[in-house]
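Structure, as structure tokens:
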Amino acid sequence: MKLLVCVKRVVDFNVKIRVKPDGSGVELANIKMSMNPFDEIAVEEAVRLKEQGKVTEIVAVSIGPQQAGETIRTALAMGADRGILVKTDATVEPLAVAKILAKVVEQEKPDLVIMGKQAIDDDANQTGQMLAALLGWPQGTFAFKVAVGEGSIDVTREVDGGLQTVGLKLPAIVTTDLRLNEPRYASLPNIMKAKKKPLDETSPETLGIDVSPRLKVIKTVEPGGRKAGVKVGSVAELVQKLKVEAGVL
Amino acid sequence: MPSYKAPLDDVLFLINDVFPLDGYNHLDAFAEVTPELAGAVLTEAARITEEAFAPLNATGDRQGCRRDSAGSVRTPEGFAEAYGAFVKGGWVGLATPPDYGGQGLPYTFAAIVNEFASSANMALAMYPGLTQGAIAAILLHGTAEQKALYLPPMVSGAWTGTMNLTEPQCGTDLGLIRTKAERKGDGTYAITGTKIFISAGEHDLAGNIVHLVLARVEGAPSGTKGLSLFIVPKFMAANGGVRGARNRVSCGSIEDKMGIHGNATCVMNYEGATGWLLGEENRGLNAMFTMMNEARLGVGIQGLALSEVAYQNAATYARERLQGRALTGAAFPAQAADPIIVHPDVRRTLLSIKAFNAAARALVVWTSLKADVARQATDEAERQAAEDHLGLLTPVIKGVLTDIGFDNTVKAQQMFGGHGYIVETGVEQFVRDARIAMLYEGANGIQAIDLVGRKLPRDAGRAMLAFFAEVSGFLKENAAHDGVQPYVAGMKTALDHLQDASMWFMRNALGKPDNAGAGSTDYMHLFGLVALGYMSLRIAKAAADKLAAARAANDDSATGPMEARLTTTRFFMERMLPETAVRLNRVTAGAEGIMAMPAEMF
Ligand SMILES: Cc1cc2nc3c(=O)[nH]c(=O)nc-3n(C[C@H](O)[C@H](O)[C@H](O)COP(=O)(O)OP(=O)(O)OC[C@H]3O[C@@H](n4cnc5c(N)ncnc54)[C@H](O)[C@@H]3O)c2cc1C
Ligand SMILES: Cc1cc2nc3c(=O)[nH]c(=O)nc-3n(C[C@H](O)[C@H](O)[C@H](O)COP(=O)(O)OP(=O)(O)OC[C@H]3O[C@@H](n4cnc5c(N)ncnc54)[C@H](O)[C@@H]3O)c2cc1C
């Protein structure tokens, strides 16, 4: 079984994000970038499936600038077999990403695609769902646990009320949630091996995908500072405030 | 709780811009190294040390190691898992040859990873650190059988190693060693004696512990010329990392000590334990010495590592702690007070640590690269020059980086005011942990004597003269360079001071060795200032070049870090380097005033 795993290069989760002075976006220059943590979980799951003998090949895909190649290398160091960089310096929105991925899927014909449920830079949580729709494949989002069967996969999902298990026919799309696994550290021998693994390069143009933005960013602002709290005298007062002032009850 | 971020940007700047690694392509260890690979390796090292080592630093300090009545030692909670992750990642064998399962990467990378690991958790980092030292000794002096038997499980980290020199009556003066070795007739020896202060002598992180023990074979000469080195495993070893019967070596007790609580410091009792000779009889000290340079470099790195982590936390605190107003008027009128980073005296303190860290890290990288050349160069002249450099700079790095590293942890603690004295804040641990590096692996006073008494005069001063020539050559070549030019005069003066002090020893110490002994610590620090000054200028040169390129490309984002590097060099040159004058004065004051005091009047 062949598996496609998608990895995005994002601002490292430790970095304190700063808005550009002109409000056109966030400061990205000279900032530490890393693999999207949800994608790390996706790679880890893929590698575990391979270690269990359920998967024979893992292909890691990233869409982004040249440096996204480093993110693919990280996936290769964790255990993916080869990489595909769809190189573009443009801002790619979820729909464009989903279209590019659909094209890659068409060429690679994987049995399973695993990707993060969202990327921590713009938290869109759309790409997996859009990809499933474009391909007409079943989807198991917010995966907490996956179990691969014969031509099928059971995905246990994190939902508001608890956990829900869905059975999907392969090929399918799985998006990962935080608790699916704990990603490994890449080992030194694997970092060295990753250097020699194949990394192909293509572009949205070559794939015939138009990535022009469909959305317009009007303004980017820092979140407001935290306001001082108030002390409540009783539970009744708290309930009253939650109802009337906060409007959450 | 203190935090730690590995200084990746600084390290990558050093290996990409200041000492570009492509100059080392002719060495095996660099054959596959590219900037991308170096980045990938060091990024993962940063991650594992930040995420797996650092969170256990304070808890490991509080818990310490515990020894049970049967003599087993438990390391603090979490150490086994973190060590396991390090082993699984293959980090112990980073720079050992692939023949024994290592990765064969540059020693320089191992030195950098050592800095990260020691900043994150020095007590934990020592377990693999000592193993690497023992591996180096077996690699150099072991027989083919010994290498096959011990190296694979040690390189993987499944087994760890130790160094057993110290005894109750014998620390600095190894000639006093009493532990004895009796020939058993089958080629092995029975080792009997007591070793003290043995780091990682007993613990629960590994399946076996390989002790390297200095002892005296029956009938051997007294003094250091009668010492031999032995391999004494805790469990007898069989090929394939299989362990057999328990050897007659045990941990009698562990020390209750000032710092590095997570590292077990053990009394080791050898009661007729079976030992295998490593190298030749009566050449044990030589065998130890061949790996001394790298081991001492490793301890010097601990000084830098503690200075770095203490600095990071002090700088963060200084940006947050509101106290007093800027002398020029409130910087943040809306707040009750300004953050203390506005105060010149706070900035002076922080910059003195920052400038040291940057230059010391460069000195470590530069010298580690020489260690790689000394290990692998096939051109004899090149190899010899690197060996000379390593011999000369090793005592300087060990002595100066640990002396100043310790001072810097105190300075960082000072930035926290009274809170720095409180355990919960976590900075006082850095002070306690940093202290040991000045003592072990040759107390710093001994490093200074090694520098003045052995390293300077060796080969008619060849190493020293080569160092002077390199620094003055750099100053000549870069006299007009933007980043260097403002400091050329100051650096020349400092180099003159060092040369004058060296000449003074030549003239005044040969017949009167007390003159050398009395001036050695000042001389070592004088040497350190010049070496660190030179490093600051190498950094400034590369930073000025990058700054010019960034400006030409209208890349505002790259200018900030480069300007900061230039400001850091400026601080070193204006406020730290001038200390060379004082040091020279002390050296040339000679020994008389020191030796005049009768012992009973102290
Ligand atoms: C936590 C810890 C871990 C250690 N780990 C190890 C280990 O793993 N393996 C091991 O073998 N040892 C280890 N040691 C021992 C350490 O290396 C010794 O403590 C060190 O060598 C100093 O020896 P000493 O304590 O006997 O001091 P001494 O030799 O008694 O020295 C006392 C003082 O006198 C000075 N002095 C001594 N001789 C001279 C001289 N000729 N000229 C000028 N000054 C002199 C020294 O500089 C020092 O300041 C460890 C020690 C500690 C505390
Ligand atoms: C064990 C212990 C016992 C104590 N006992 C007492 C006691 O009995 N009674 C009592 O009242 N207090 C006591 N203290 C408190 C002690 O006096 C304070 O900790 C001390 O005054 C420093 O204040 P701080 O800790 O708030 O540090 P901060 O004022 O926050 O100072 C932090 C750092 O910033 C620097 N700094 C601050 N302002 C400026 C400025 N304007 N210009 C330049 N640098 C500046 C300081 O030099 C320091 O390095 C005690 C503290 C300890 C740890």
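Each chain in the structure tokens gets a letter, A, B, ..., in the order shown, and its residues are numbered from 1; ligands are numbered from 1 in order too.
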
Each residue of chain B lying at most 12 Å from ligand 2 should get a row with its shortest atom-to-atom pair and the distance in Å to one decimal, counting only C-alpha atoms and all ligand atoms; could you produce that, ordered by chain and increasing number, as JSON lines?
{"residue": "B:Ala314", "atom": "CA", "partner": "ligand 2", "partner_atom_place_in_ligand_line": "33 (C)", "distance": 9.5}
{"residue": "B:Ala315", "atom": "CA", "partner": "ligand 2", "partner_atom_place_in_ligand_line": "33 (C)", "distance": 11.0}
{"residue": "B:Tyr317", "atom": "CA", "partner": "ligand 2", "partner_atom_place_in_ligand_line": "32 (C)", "distance": 8.8}
{"residue": "B:Ala318", "atom": "CA", "partner": "ligand 2", "partner_atom_place_in_ligand_line": "34 (O)", "distance": 7.3}
{"residue": "B:Arg319", "atom": "CA", "partner": "ligand 2", "partner_atom_place_in_ligand_line": "34 (O)", "distance": 10.5}
{"residue": "B:Glu320", "atom": "CA", "partner": "ligand 2", "partner_atom_place_in_ligand_line": "30 (O)", "distance": 9.8}
{"residue": "B:Arg321", "atom": "CA", "partner": "ligand 2", "partner_atom_place_in_ligand_line": "30 (O)", "distance": 6.2}
{"residue": "B:Leu322", "atom": "CA", "partner": "ligand 2", "partner_atom_place_in_ligand_line": "30 (O)", "distance": 7.0}
{"residue": "B:Gln323", "atom": "CA", "partner": "ligand 2", "partner_atom_place_in_ligand_line": "38 (N)", "distance": 5.0}
{"residue": "B:Gly324", "atom": "CA", "partner": "ligand 2", "partner_atom_place_in_ligand_line": "41 (N)", "distance": 4.3}
{"residue": "B:Arg325", "atom": "CA", "partner": "ligand 2", "partner_atom_place_in_ligand_line": "41 (N)", "distance": 6.0}
{"residue": "B:Ala326", "atom": "CA", "partner": "ligand 2", "partner_atom_place_in_ligand_line": "41 (N)", "distance": 7.1}
{"residue": "B:Leu327", "atom": "CA", "partner": "ligand 2", "partner_atom_place_in_ligand_line": "41 (N)", "distance": 7.9}
{"residue": "B:Thr328", "atom": "CA", "partner": "ligand 2", "partner_atom_place_in_ligand_line": "41 (N)", "distance": 11.4}
{"residue": "B:Gly329", "atom": "CA", "partner": "ligand 2", "partner_atom_place_in_ligand_line": "41 (N)", "distance": 11.4}
{"residue": "B:Ala330", "atom": "CA", "partner": "ligand 2", "partner_atom_place_in_ligand_line": "41 (N)", "distance": 11.2}
{"residue": "B:Ala337", "atom": "CA", "partner": "ligand 2", "partner_atom_place_in_ligand_line": "41 (N)", "distance": 9.5}
{"residue": "B:Asp338", "atom": "CA", "partner": "ligand 2", "partner_atom_place_in_ligand_line": "41 (N)", "distance": 8.9}
{"residue": "B:Pro339", "atom": "CA", "partner": "ligand 2", "partner_atom_place_in_ligand_line": "38 (N)", "distance": 8.7}
{"residue": "B:Ile340", "atom": "CA", "partner": "ligand 2", "partner_atom_place_in_ligand_line": "34 (O)", "distance": 5.6}
{"residue": "B:Ile341", "atom": "CA", "partner": "ligand 2", "partner_atom_place_in_ligand_line": "34 (O)", "distance": 8.1}
{"residue": "B:Val342", "atom": "CA", "partner": "ligand 2", "partner_atom_place_in_ligand_line": "42 (N)", "distance": 8.2}
{"residue": "B:His343", "atom": "CA", "partner": "ligand 2", "partner_atom_place_in_ligand_line": "43 (C)", "distance": 4.9}
{"residue": "B:Pro344", "atom": "CA", "partner": "ligand 2", "partner_atom_place_in_ligand_line": "43 (C)", "distance": 6.7}
{"residue": "B:Asp345", "atom": "CA", "partner": "ligand 2", "partner_atom_place_in_ligand_line": "43 (C)", "distance": 5.3}
{"residue": "B:Val346", "atom": "CA", "partner": "ligand 2", "partner_atom_place_in_ligand_line": "44 (N)", "distance": 5.5}
{"residue": "B:Arg347", "atom": "CA", "partner": "ligand 2", "partner_atom_place_in_ligand_line": "44 (N)", "distance": 8.9}
{"residue": "B:Arg348", "atom": "CA", "partner": "ligand 2", "partner_atom_place_in_ligand_line": "44 (N)", "distance": 10.0}
{"residue": "B:Thr349", "atom": "CA", "partner": "ligand 2", "partner_atom_place_in_ligand_line": "49 (O)", "distance": 8.8}
{"residue": "B:Leu350", "atom": "CA", "partner": "ligand 2", "partner_atom_place_in_ligand_line": "49 (O)", "distance": 10.3}
{"residue": "B:Val410", "atom": "CA", "partner": "ligand 2", "partner_atom_place_in_ligand_line": "49 (O)", "distance": 10.6}
{"residue": "B:Lys411", "atom": "CA", "partner": "ligand 2", "partner_atom_place_in_ligand_line": "49 (O)", "distance": 8.3}
{"residue": "B:Ala412", "atom": "CA", "partner": "ligand 2", "partner_atom_place_in_ligand_line": "49 (O)", "distance": 8.5}
{"residue": "B:Gln413", "atom": "CA", "partner": "ligand 2", "partner_atom_place_in_ligand_line": "49 (O)", "distance": 8.0}
{"residue": "B:Gln414", "atom": "CA", "partner": "ligand 2", "partner_atom_place_in_ligand_line": "49 (O)", "distance": 4.7}
{"residue": "B:Met415", "atom": "CA", "partner": "ligand 2", "partner_atom_place_in_ligand_line": "49 (O)", "distance": 3.9}
{"residue": "B:Phe416", "atom": "CA", "partner": "ligand 2", "partner_atom_place_in_ligand_line": "32 (C)", "distance": 4.8}
{"residue": "B:Gly417", "atom": "CA", "partner": "ligand 2", "partner_atom_place_in_ligand_line": "27 (O)", "distance": 3.4}
{"residue": "B:Gly418", "atom": "CA", "partner": "ligand 2", "partner_atom_place_in_ligand_line": "19 (O)", "distance": 3.2}
{"residue": "B:His419", "atom": "CA", "partner": "ligand 2", "partner_atom_place_in_ligand_line": "25 (O)", "distance": 5.2}
{"residue": "B:Gly420", "atom": "CA", "partner": "ligand 2", "partner_atom_place_in_ligand_line": "53 (C)", "distance": 7.4}
{"residue": "B:Tyr421", "atom": "CA", "partner": "ligand 2", "partner_atom_place_in_ligand_line": "53 (C)", "distance": 5.2}
{"residue": "B:Ile422", "atom": "CA", "partner": "ligand 2", "partner_atom_place_in_ligand_line": "53 (C)", "distance": 6.3}
{"residue": "B:Val423", "atom": "CA", "partner": "ligand 2", "partner_atom_place_in_ligand_line": "53 (C)", "distance": 10.0}
{"residue": "B:Glu424", "atom": "CA", "partner": "ligand 2", "partner_atom_place_in_ligand_line": "53 (C)", "distance": 11.7}
{"residue": "B:Thr425", "atom": "CA", "partner": "ligand 2", "partner_atom_place_in_ligand_line": "53 (C)", "distance": 11.2}
{"residue": "B:Glu428", "atom": "CA", "partner": "ligand 2", "partner_atom_place_in_ligand_line": "53 (C)", "distance": 11.3}

Could the residues of chain B that have an atom at most 8 Å from ligand 1 be listed as a tab-separated table, each with its closest atom pair and the distance in Å to one decimal, counting only C-alpha atoms and all ligand atoms and ordered by chain and ascending residue number?
residue	atom	partner	partner_atom_place_in_ligand_line	distance
B:Leu130	CA	ligand 1	8 (O)	7.7
B:Thr162	CA	ligand 1	8 (O)	6.2
B:Met163	CA	ligand 1	9 (N)	4.8
B:Asn164	CA	ligand 1	11 (O)	4.1
B:Leu165	CA	ligand 1	11 (O)	3.4
B:Thr166	CA	ligand 1	11 (O)	4.0
B:Glu167	CA	ligand 1	11 (O)	7.5
B:Pro168	CA	ligand 1	26 (O)	7.0
B:Gln169	CA	ligand 1	26 (O)	6.9
B:Cys170	CA	ligand 1	26 (O)	5.3
B:Gly171	CA	ligand 1	26 (O)	3.1
B:Thr172	CA	ligand 1	29 (O)	3.7
B:Asp173	CA	ligand 1	29 (O)	6.1
B:Lys195	CA	ligand 1	11 (O)	7.4
B:Ile196	CA	ligand 1	12 (N)	6.8
B:Phe197	CA	ligand 1	50 (C)	4.4
B:Ile198	CA	ligand 1	8 (O)	3.9
B:Ser199	CA	ligand 1	8 (O)	3.7
B:Ala200	CA	ligand 1	8 (O)	6.9
B:Gly201	CA	ligand 1	8 (O)	7.5
B:Glu255	CA	ligand 1	1 (C)	8.0
B:Lys257	CA	ligand 1	1 (C)	7.1
B:Gly259	CA	ligand 1	1 (C)	7.7
B:Ile260	CA	ligand 1	1 (C)	7.2
B:Thr265	CA	ligand 1	3 (C)	5.6
B:Ile436	CA	ligand 1	1 (C)	6.1
B:Leu439	CA	ligand 1	20 (C)	5.7
B:Tyr440	CA	ligand 1	17 (O)	3.7
B:Glu441	CA	ligand 1	17 (O)	4.8
B:Gly442	CA	ligand 1	21 (O)	4.9
B:Ala443	CA	ligand 1	47 (O)	4.8
B:Asn444	CA	ligand 1	47 (O)	6.1
B:Gly445	CA	ligand 1	47 (O)	4.3
B:Ile446	CA	ligand 1	47 (O)	5.3
B:Ile449	CA	ligand 1	42 (N)	7.2
B:Gly517	CA	ligand 1	43 (C)	7.3

_With only C-alpha atoms considered, list every residue of chain A at most 7 Å from chain B, as number ranges by chain._
A: 29-30, 185-189, 191

*If we count only C-alpha atoms, what is near Glu218 in chain B at a cut-off of 10 Å, once residues fewer than 4 positions away on the same chain are taken out, given as a PyMOL selection string?*
chain B and resi 180-183+226

Generate the output file for the selected residues, N, CA, C and O atoms, as a compact mmCIF listing (two decimals), in the first residue's frame.
# COMPACT_ATOMS: atom_id res chain seq x y z
N LYS B 180 46.54 -1.21 42.55
CA LYS B 180 47.54 -2.11 41.96
C LYS B 180 46.91 -3.14 41.03
O LYS B 180 45.73 -3.47 41.15
N ALA B 181 47.75 -3.61 40.13
CA ALA B 181 47.32 -4.61 39.15
C ALA B 181 48.28 -5.79 39.22
O ALA B 181 49.49 -5.64 39.09
N GLU B 182 47.72 -6.98 39.50
CA GLU B 182 48.57 -8.18 39.55
C GLU B 182 48.32 -9.04 38.32
O GLU B 182 47.16 -9.30 37.97
N ARG B 183 49.40 -9.49 37.71
CA ARG B 183 49.26 -10.36 36.54
C ARG B 183 48.67 -11.69 36.99
O ARG B 183 49.12 -12.28 37.96
N GLY B 226 55.14 4.57 36.19
CA GLY B 226 54.77 3.18 36.47
C GLY B 226 53.27 2.95 36.38
O GLY B 226 52.76 1.97 36.94

_Which residues are close to range 480-488 of chain B, i.e. within 10 Å by only C-alpha atoms, leaving aside same-chain residues fewer than 6 positions away? Reply as a ChimeraX atom specification._
/B:472,474,494,533,536-545,547-548,566,569-570,573-574

Go ahead and save the residues from that selection, with all heavy atoms, as a compact mmCIF listing (two decimals), in the first residue's frame.
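Saved as again37.txt:
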# COMPACT_ATOMS: atom_id res chain seq x y z
N SER B 472 48.52 38.32 14.14
CA SER B 472 49.05 39.56 13.53
C SER B 472 48.83 39.55 12.03
O SER B 472 48.58 40.61 11.44
CB SER B 472 50.50 39.81 13.92
OG SER B 472 51.28 38.71 13.58
N PHE B 474 46.25 38.30 10.50
CA PHE B 474 44.85 38.69 10.31
C PHE B 474 44.71 40.22 10.42
O PHE B 474 44.00 40.85 9.63
CB PHE B 474 43.97 38.00 11.35
CG PHE B 474 42.53 38.42 11.31
CD1 PHE B 474 41.61 37.81 10.47
CD2 PHE B 474 42.08 39.46 12.14
CE1 PHE B 474 40.28 38.22 10.43
CE2 PHE B 474 40.76 39.87 12.12
CZ PHE B 474 39.85 39.24 11.26
N ALA B 494 46.87 44.42 22.66
CA ALA B 494 46.63 43.22 23.45
C ALA B 494 47.61 42.11 23.07
O ALA B 494 48.16 41.42 23.93
CB ALA B 494 45.19 42.75 23.26
N GLY B 533 39.48 37.86 21.82
CA GLY B 533 39.46 39.10 21.04
C GLY B 533 39.59 38.80 19.55
O GLY B 533 38.86 39.35 18.72
N SER B 536 36.39 37.54 18.33
CA SER B 536 35.41 38.63 18.18
C SER B 536 35.62 39.36 16.86
O SER B 536 34.65 39.80 16.23
CB SER B 536 35.54 39.63 19.33
OG SER B 536 35.28 39.00 20.55
N LEU B 537 36.89 39.48 16.48
CA LEU B 537 37.17 40.17 15.21
C LEU B 537 36.80 39.30 14.01
O LEU B 537 36.31 39.80 13.00
CB LEU B 537 38.64 40.58 15.14
CG LEU B 537 39.05 41.69 16.12
CD1 LEU B 537 40.47 42.13 15.84
CD2 LEU B 537 38.11 42.89 16.02
N ARG B 538 37.05 38.00 14.12
CA ARG B 538 36.63 37.11 13.02
C ARG B 538 35.12 37.19 12.83
O ARG B 538 34.61 37.20 11.71
CB ARG B 538 37.05 35.66 13.31
CG ARG B 538 38.54 35.40 13.39
CD ARG B 538 39.20 35.29 12.03
NE ARG B 538 38.69 34.22 11.20
CZ ARG B 538 39.33 33.08 10.94
NH1 ARG B 538 40.53 32.89 11.46
NH2 ARG B 538 38.81 32.17 10.15
N ILE B 539 34.41 37.24 13.97
CA ILE B 539 32.95 37.36 13.90
C ILE B 539 32.56 38.69 13.26
O ILE B 539 31.70 38.74 12.37
CB ILE B 539 32.34 37.25 15.32
CG1 ILE B 539 32.50 35.82 15.85
CG2 ILE B 539 30.88 37.68 15.33
CD1 ILE B 539 32.11 35.64 17.31
N ALA B 540 33.23 39.76 13.70
CA ALA B 540 32.89 41.09 13.19
C ALA B 540 33.13 41.17 11.69
O ALA B 540 32.35 41.77 10.94
CB ALA B 540 33.70 42.16 13.91
N LYS B 541 34.21 40.54 11.25
CA LYS B 541 34.51 40.57 9.82
C LYS B 541 33.39 39.91 9.02
O LYS B 541 32.85 40.50 8.08
CB LYS B 541 35.84 39.86 9.56
CG LYS B 541 36.24 39.90 8.11
CD LYS B 541 37.51 39.15 7.80
CE LYS B 541 37.72 39.21 6.28
NZ LYS B 541 38.67 38.22 5.81
N ALA B 542 33.01 38.71 9.43
CA ALA B 542 31.96 38.00 8.70
C ALA B 542 30.63 38.74 8.81
O ALA B 542 29.86 38.80 7.85
CB ALA B 542 31.83 36.58 9.24
N ALA B 543 30.36 39.31 9.99
CA ALA B 543 29.09 40.02 10.19
C ALA B 543 29.02 41.28 9.33
O ALA B 543 27.99 41.58 8.74
CB ALA B 543 28.90 40.36 11.66
N ALA B 544 30.15 42.00 9.25
CA ALA B 544 30.16 43.23 8.44
C ALA B 544 29.95 42.88 6.97
O ALA B 544 29.23 43.59 6.25
CB ALA B 544 31.48 43.97 8.63
N ASP B 545 30.56 41.78 6.53
CA ASP B 545 30.36 41.36 5.13
C ASP B 545 28.89 41.03 4.87
O ASP B 545 28.32 41.41 3.85
CB ASP B 545 31.23 40.13 4.81
CG ASP B 545 32.71 40.49 4.71
OD1 ASP B 545 33.01 41.70 4.60
OD2 ASP B 545 33.55 39.56 4.75
N LEU B 547 26.34 42.06 6.55
CA LEU B 547 25.53 43.27 6.69
C LEU B 547 25.56 44.06 5.39
O LEU B 547 24.51 44.51 4.90
CB LEU B 547 26.09 44.11 7.84
CG LEU B 547 25.32 45.38 8.19
CD1 LEU B 547 23.90 45.03 8.61
CD2 LEU B 547 26.02 46.13 9.31
N ALA B 548 26.75 44.20 4.81
CA ALA B 548 26.87 44.95 3.56
C ALA B 548 26.04 44.27 2.47
O ALA B 548 25.33 44.93 1.70
CB ALA B 548 28.34 45.03 3.15
N LEU B 566 28.02 43.06 15.55
CA LEU B 566 29.04 44.11 15.55
C LEU B 566 29.05 44.86 16.88
O LEU B 566 30.10 45.20 17.41
CB LEU B 566 28.79 45.08 14.38
CG LEU B 566 29.00 44.45 12.99
CD1 LEU B 566 28.62 45.44 11.88
CD2 LEU B 566 30.45 44.00 12.82
N THR B 569 30.89 42.73 19.42
CA THR B 569 32.34 42.82 19.27
C THR B 569 32.85 44.15 19.84
O THR B 569 33.87 44.19 20.53
CB THR B 569 32.74 42.71 17.78
OG1 THR B 569 32.47 41.37 17.34
CG2 THR B 569 34.21 43.01 17.57
N ARG B 570 32.12 45.20 19.57
CA ARG B 570 32.52 46.51 20.07
C ARG B 570 32.65 46.48 21.60
O ARG B 570 33.61 47.00 22.17
CB ARG B 570 31.49 47.55 19.63
CG ARG B 570 31.80 48.90 20.18
CD ARG B 570 30.83 49.94 19.71
NE ARG B 570 31.12 51.18 20.42
CZ ARG B 570 30.46 52.30 20.24
NH1 ARG B 570 29.47 52.35 19.36
NH2 ARG B 570 30.79 53.36 20.92
N MET B 573 35.78 44.68 22.65
CA MET B 573 36.99 45.45 22.39
C MET B 573 37.13 46.63 23.35
O MET B 573 38.22 46.94 23.81
CB MET B 573 36.98 45.94 20.94
CG MET B 573 37.08 44.82 19.93
SD MET B 573 38.69 44.01 20.07
CE MET B 573 38.28 42.36 19.64
N GLU B 574 36.01 47.27 23.64
CA GLU B 574 36.08 48.47 24.50
C GLU B 574 36.24 48.12 25.97
O GLU B 574 36.90 48.83 26.71
CB GLU B 574 34.79 49.30 24.34
CG GLU B 574 34.71 50.06 23.04
CD GLU B 574 33.44 50.89 22.91
OE1 GLU B 574 32.54 50.81 23.79
OE2 GLU B 574 33.33 51.63 21.92

*DSSP on the backbone, then: every residue of range 269-500 of chain B marked alpha helix (DSSP H), written as a PyMOL selection string.*
chain B and resi 284-320+344-376+380-415+427-435+444-449+458-477+488-500

Which polymer residues have any atom within 9 Å of an atom of Val396 in chain B, counting only C-alpha atoms, with same-chain residues fewer than 5 positions away left out, as a compact mmCIF listing (two decimals) with C-alpha atoms, in the first residue's frame?
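Written file, selection-v6.txt:
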# COMPACT_ATOMS: atom_id res chain seq x y z
CA GLY B 300 35.69 23.99 28.70
CA LEU B 401 36.01 29.17 29.65
CA GLN B 447 45.81 24.23 33.30
CA ALA B 448 47.71 27.49 33.70
CA LEU B 451 50.17 26.25 29.43
CA MET B 524 46.37 32.01 30.92
CA HIS B 525 43.70 34.70 31.19
CA PHE B 527 46.05 34.42 26.49
CA GLY B 528 42.30 33.85 26.76
CA ALA B 531 42.19 34.47 21.73

*Excluding same-chain residues fewer than 2 positions from range 137-143 of chain A, what lies within 10 Å of it counting only C-alpha atoms, as an NGL selection string?*
:A and (42 or 112-118 or 125 or 128-135 or 145-146 or 153-159 or 163-181)

*Out of range 25-235 of chain A, which residues get strand (DSSP E or B) from DSSP, as a ChimeraX atom specification?*
/A:26,33-35,57-64,82-87,112-116,139-148,152-159,162-169,172-176,199-202

*Leu238 in chain A environment, 12 Å, only C-alpha atoms, sequence neighbours closer than 6 positions dropped, as number ranges by chain*: A: 230-232, 244-249

Given the selection you just returned, output its residues as a file containing N, CA and C atoms, formatted as a tab-separated table (two decimals), in the first residue's frame.
chain	number	residue	atom	x	y	z
A	230	VAL	N	-12.68	40.33	36.95
A	230	VAL	CA	-13.42	40.83	38.11
A	230	VAL	C	-13.65	39.67	39.06
A	231	LYS	N	-13.78	40.02	40.34
A	231	LYS	CA	-14.08	38.99	41.33
A	231	LYS	C	-15.58	38.92	41.49
A	232	VAL	N	-16.08	37.70	41.51
A	232	VAL	CA	-17.53	37.58	41.75
A	232	VAL	C	-17.74	37.10	43.17
A	244	VAL	N	-25.70	37.23	31.15
A	244	VAL	CA	-26.00	38.58	30.67
A	244	VAL	C	-24.80	39.23	29.98
A	245	GLU	N	-23.66	39.28	30.70
A	245	GLU	CA	-22.52	40.03	30.15
A	245	GLU	C	-21.75	39.23	29.09
A	246	ALA	N	-21.45	37.96	29.42
A	246	ALA	CA	-20.67	37.17	28.47
A	246	ALA	C	-21.56	36.55	27.40
A	247	GLY	N	-22.83	36.35	27.75
A	247	GLY	CA	-23.76	35.78	26.77
A	247	GLY	C	-23.39	34.39	26.35
A	248	VAL	N	-22.74	33.62	27.26
A	248	VAL	CA	-22.35	32.27	26.86
A	248	VAL	C	-23.28	31.19	27.41
A	249	LEU	N	-24.19	31.57	28.26
A	249	LEU	CA	-25.10	30.55	28.79
A	249	LEU	C	-26.50	30.76	28.24

_Please report the interatomic distance between CA of Val59 in chain A and CA of Asp122 in chain A in Å with one decimal._
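Separation of CA of Val59 in chain A and CA of Asp122 in chain A: 24.4 Å.
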